[in-house]
Amino acid sequence: MKKSILAIATVLLTLGACTTQDGEKPETAAPDAGQAAIENIMTRTSIRQYKDQPVEQEKIDIMLKAAMAAPTAMNQQPWHFIVITDKKVIDQLAGPRPTNAPLMIAVCGDTDKTSMPDGKGKLPDFWVEDVSAATENLLLAAHALGLGAVWTGAYPAMEHVAEIANVLNCPQNIVPVAIVRVGYPDESPEPKDKFKEENISYNKFGGKKE
Ligand SMILES: Cc1cc2nc3c(=O)[nH]c(=O)nc-3n(C[C@H](O)[C@H](O)[C@H](O)COP(=O)(O)O)c2cc1C
């Protein structure tokens, strides 16, 4: 398990080193990284208890790079990330659900970045999917780096969105979608097996595997 975490971290660090400019292609990951990547996905689980240990800036940078590598409709990248390490702000955001996480990352939509590339009108609300994909990438990167994380929801619970936006001084166009709590894990829950055959159809709804 440790080996696979190291392999993923190496891949992410390599990507980090080779993708700085818009439009530049990342190098292809090493072939044996495939198995490690799948293992990382399958072993991620929500972590809610953390050690009293800060998260290094290098790891924060990798998580942010992974988040912004997510697919995004028409490549609009309608997101903004607020990195929170100030304990006072963390406590304010946690409210009635206190946490000992040393780090939170607010993953927000930027509704000013949702216009059609040709400037004719707005995209549908794909920004929610884009920001959600970025959030999942962030969770996977955290796990690959030996950190634990949990997604706590905001959008579309608008009262909660307003509270968070207020604490974080967000302008009108910056909409908090998720607050990801991150830290070194102080618990080791088993990943849940959520694979269910009944959630799959083939060819048409209800169709069986041949
Ligand atoms: C949109 C969304 C909102 C969530 N909100 C919360 C939350 O407010 N508090 C929390 O502890 N977990 C929250 N979670 C985490 C889920 O409870 C967790 O992903 C689910 O139980 C499956 O467990 P796993 O992540 O360990 O696979 C949220 C997850 C998603 C995707």
# chains A, B, ... in the order shown; residues from 1 in each chain; ligands from 1
call {"tool": "residues_near_ligand", "arguments": {"ligand": "ligand 1", "cutoff": "6 Å", "atoms": "only C-alpha atoms and all ligand atoms", "output": "ChimeraX atom specification"}}
result
/A:45-46,150-153,191-192
call {"tool": "write_last_selection", "arguments": {"atoms": "C-alpha atoms", "output": "PDB file, in the first residue's frame"}}
result
ATOM      1  CA  THR A  45     -12.289   6.597   1.975  1.00  0.00           C
ATOM      2  CA  SER A  46     -13.532   9.596   3.915  1.00  0.00           C
ATOM      3  CA  VAL A 150     -13.532  14.315   3.540  1.00  0.00           C
ATOM      4  CA  TRP A 151     -15.868  16.253   1.254  1.00  0.00           C
ATOM      5  CA  THR A 152     -18.359  18.324   3.214  1.00  0.00           C
ATOM      6  CA  GLY A 153     -21.180  19.627   1.095  1.00  0.00           C
ATOM      7  CA  PRO A 191     -13.003   1.606   2.419  1.00  0.00           C
ATOM      8  CA  LYS A 192     -16.664   0.868   1.725  1.00  0.00           C
TER       9      LYS A 192
END
call {"tool": "select_by_dssp", "arguments": {"residues": "segment 65-118 of chain A", "states": "strand (DSSP E or B)", "output": "MDAnalysis selection string"}}
result
chainID A and resid 79:84 103:110 115
call {"tool": "write_last_selection", "arguments": {"atoms": "N, CA and C atoms", "output": "PDB file, in the first residue's frame"}}
result
ATOM      1  N   TRP A  79     -13.607  27.514 -11.701  1.00  0.00           N
ATOM      2  CA  TRP A  79     -13.405  27.163 -10.296  1.00  0.00           C
ATOM      3  C   TRP A  79     -12.480  28.134  -9.611  1.00  0.00           C
ATOM      4  N   HIS A  80     -12.551  28.100  -8.273  1.00  0.00           N
ATOM      5  CA  HIS A  80     -11.622  28.874  -7.449  1.00  0.00           C
ATOM      6  C   HIS A  80     -11.443  28.089  -6.152  1.00  0.00           C
ATOM      7  N   PHE A  81     -10.225  28.053  -5.655  1.00  0.00           N
ATOM      8  CA  PHE A  81      -9.908  27.252  -4.472  1.00  0.00           C
ATOM      9  C   PHE A  81      -9.428  28.186  -3.361  1.00  0.00           C
ATOM     10  N   ILE A  82     -10.024  28.054  -2.190  1.00  0.00           N
ATOM     11  CA  ILE A  82      -9.571  28.869  -1.051  1.00  0.00           C
ATOM     12  C   ILE A  82      -8.940  27.917  -0.033  1.00  0.00           C
ATOM     13  N   VAL A  83      -7.645  28.117   0.191  1.00  0.00           N
ATOM     14  CA  VAL A  83      -6.871  27.256   1.095  1.00  0.00           C
ATOM     15  C   VAL A  83      -6.923  27.881   2.480  1.00  0.00           C
ATOM     16  N   ILE A  84      -7.410  27.105   3.453  1.00  0.00           N
ATOM     17  CA  ILE A  84      -7.624  27.675   4.794  1.00  0.00           C
ATOM     18  C   ILE A  84      -6.809  26.902   5.831  1.00  0.00           C
ATOM     19  N   LEU A 103      -6.345  21.687   7.906  1.00  0.00           N
ATOM     20  CA  LEU A 103      -6.457  22.337   6.592  1.00  0.00           C
ATOM     21  C   LEU A 103      -7.862  22.112   6.035  1.00  0.00           C
ATOM     22  N   MET A 104      -8.391  23.178   5.455  1.00  0.00           N
ATOM     23  CA  MET A 104      -9.623  23.043   4.661  1.00  0.00           C
ATOM     24  C   MET A 104      -9.353  23.656   3.298  1.00  0.00           C
ATOM     25  N   ILE A 105      -9.941  23.071   2.275  1.00  0.00           N
ATOM     26  CA  ILE A 105      -9.886  23.714   0.960  1.00  0.00           C
ATOM     27  C   ILE A 105     -11.331  23.897   0.495  1.00  0.00           C
ATOM     28  N   ALA A 106     -11.720  25.144   0.345  1.00  0.00           N
ATOM     29  CA  ALA A 106     -13.065  25.441  -0.165  1.00  0.00           C
ATOM     30  C   ALA A 106     -12.989  25.398  -1.688  1.00  0.00           C
ATOM     31  N   VAL A 107     -13.766  24.493  -2.265  1.00  0.00           N
ATOM     32  CA  VAL A 107     -13.776  24.362  -3.723  1.00  0.00           C
ATOM     33  C   VAL A 107     -15.028  25.087  -4.213  1.00  0.00           C
ATOM     34  N   CYS A 108     -14.788  26.151  -4.960  1.00  0.00           N
ATOM     35  CA  CYS A 108     -15.887  27.047  -5.328  1.00  0.00           C
ATOM     36  C   CYS A 108     -16.076  27.080  -6.837  1.00  0.00           C
ATOM     37  N   GLY A 109     -17.304  27.377  -7.247  1.00  0.00           N
ATOM     38  CA  GLY A 109     -17.565  27.676  -8.645  1.00  0.00           C
ATOM     39  C   GLY A 109     -17.365  29.165  -8.866  1.00  0.00           C
ATOM     40  N   ASP A 110     -16.944  29.509 -10.074  1.00  0.00           N
ATOM     41  CA  ASP A 110     -16.830  30.928 -10.444  1.00  0.00           C
ATOM     42  C   ASP A 110     -17.800  31.164 -11.599  1.00  0.00           C
ATOM     43  N   SER A 115     -19.288  31.555 -19.449  1.00  0.00           N
ATOM     44  CA  SER A 115     -19.859  31.977 -20.735  1.00  0.00           C
ATOM     45  C   SER A 115     -19.329  31.081 -21.854  1.00  0.00           C
TER      46      SER A 115
END
call {"tool": "select_by_dssp", "arguments": {"residues": "segment 95-139 of chain A", "states": "alpha helix (DSSP H)", "output": "VMD selection string"}}
result
chain A and resid 127 to 139
call {"tool": "atom_distance", "arguments": {"atom1": "atom CA of Val128 of chain A", "atom2": "atom CA of Asp91 of chain A"}}
result
25.7 Å
call {"tool": "closest_residue", "arguments": {"among": "A:Asp186, A:Pro78, A:Ile179, A:Pro71", "to": "Leu139 of chain A", "atoms": "only C-alpha atoms"}}
result
A:Ile179
call {"tool": "residues_around", "arguments": {"residues": "Ile41 of chain A", "least_positions_apart": "5", "cutoff": "9 Å", "atoms": "only C-alpha atoms", "output": "PyMOL selection string"}}
result
chain A and resi 36+140+143-144
call {"tool": "residues_around", "arguments": {"residues": "Gly148 of chain A", "least_positions_apart": "3", "cutoff": "9 Å", "atoms": "only C-alpha atoms", "output": "ChimeraX atom specification"}}
result
/A:44-50,139,142-143,145,181-187
call {"tool": "write_last_selection", "arguments": {"atoms": "N, CA and C atoms", "output": "tab-separated table (two decimals), in the first residue's frame"}}
result
chain	number	residue	atom	x	y	z
A	44	ARG	N	-9.43	4.85	-1.41
A	44	ARG	CA	-9.80	6.14	-0.81
A	44	ARG	C	-11.07	5.97	0.03
A	45	THR	N	-11.08	6.58	1.16
A	45	THR	CA	-12.29	6.60	1.98
A	45	THR	C	-12.30	7.90	2.77
A	46	SER	N	-13.46	8.32	3.19
A	46	SER	CA	-13.53	9.60	3.92
A	46	SER	C	-12.84	9.47	5.27
A	47	ILE	N	-12.00	10.45	5.57
A	47	ILE	CA	-11.28	10.50	6.86
A	47	ILE	C	-11.74	11.75	7.59
A	48	ARG	N	-12.12	11.56	8.86
A	48	ARG	CA	-12.68	12.69	9.63
A	48	ARG	C	-11.91	13.00	10.90
A	49	GLN	N	-10.91	12.16	11.23
A	49	GLN	CA	-10.07	12.42	12.42
A	49	GLN	C	-8.62	12.58	11.96
A	50	TYR	N	-7.97	13.61	12.46
A	50	TYR	CA	-6.65	13.96	11.93
A	50	TYR	C	-5.64	14.12	13.05
A	139	LEU	N	-9.52	14.91	-3.59
A	139	LEU	CA	-9.61	13.84	-2.59
A	139	LEU	C	-8.65	12.70	-2.94
A	142	ALA	N	-5.08	13.73	-2.27
A	142	ALA	CA	-4.81	13.71	-0.83
A	142	ALA	C	-4.49	12.29	-0.38
A	143	HIS	N	-5.31	11.35	-0.81
A	143	HIS	CA	-5.10	9.95	-0.42
A	143	HIS	C	-3.76	9.44	-0.94
A	145	LEU	N	-1.15	11.01	-1.39
A	145	LEU	CA	-0.05	11.66	-0.68
A	145	LEU	C	0.02	11.25	0.80
A	181	ARG	N	-12.03	18.84	4.06
A	181	ARG	CA	-11.21	18.84	5.27
A	181	ARG	C	-10.03	17.89	5.02
A	182	VAL	N	-8.83	18.32	5.34
A	182	VAL	CA	-7.64	17.53	5.03
A	182	VAL	C	-6.68	17.50	6.21
A	183	GLY	N	-6.01	16.37	6.38
A	183	GLY	CA	-4.97	16.27	7.40
A	183	GLY	C	-4.36	14.89	7.37
A	184	TYR	N	-3.38	14.67	8.24
A	184	TYR	CA	-2.82	13.31	8.36
A	184	TYR	C	-3.82	12.46	9.13
A	185	PRO	N	-4.18	11.29	8.60
A	185	PRO	CA	-5.26	10.49	9.20
A	185	PRO	C	-4.93	10.03	10.62
A	186	ASP	N	-5.92	10.11	11.48
A	186	ASP	CA	-5.80	9.55	12.83
A	186	ASP	C	-6.88	8.50	13.04
A	187	GLU	N	-7.27	7.89	11.98
A	187	GLU	CA	-8.23	6.76	11.99
A	187	GLU	C	-7.98	6.01	10.68
call {"tool": "atom_distance", "arguments": {"atom1": "atom CA of Leu147 of chain A", "atom2": "atom CA of Lys88 of chain A"}}
result
21.8 Å
call {"tool": "closest_residue", "arguments": {"among": "A:Ala33, A:Met42, A:Ala157, A:Leu138", "to": "Ile62 of chain A", "atoms": "only C-alpha atoms"}}
result
A:Leu138
call {"tool": "atom_distance", "arguments": {"atom1": "atom CA of Gln35 of chain A", "atom2": "atom CA of Glu136 of chain A"}}
result
18.6 Å
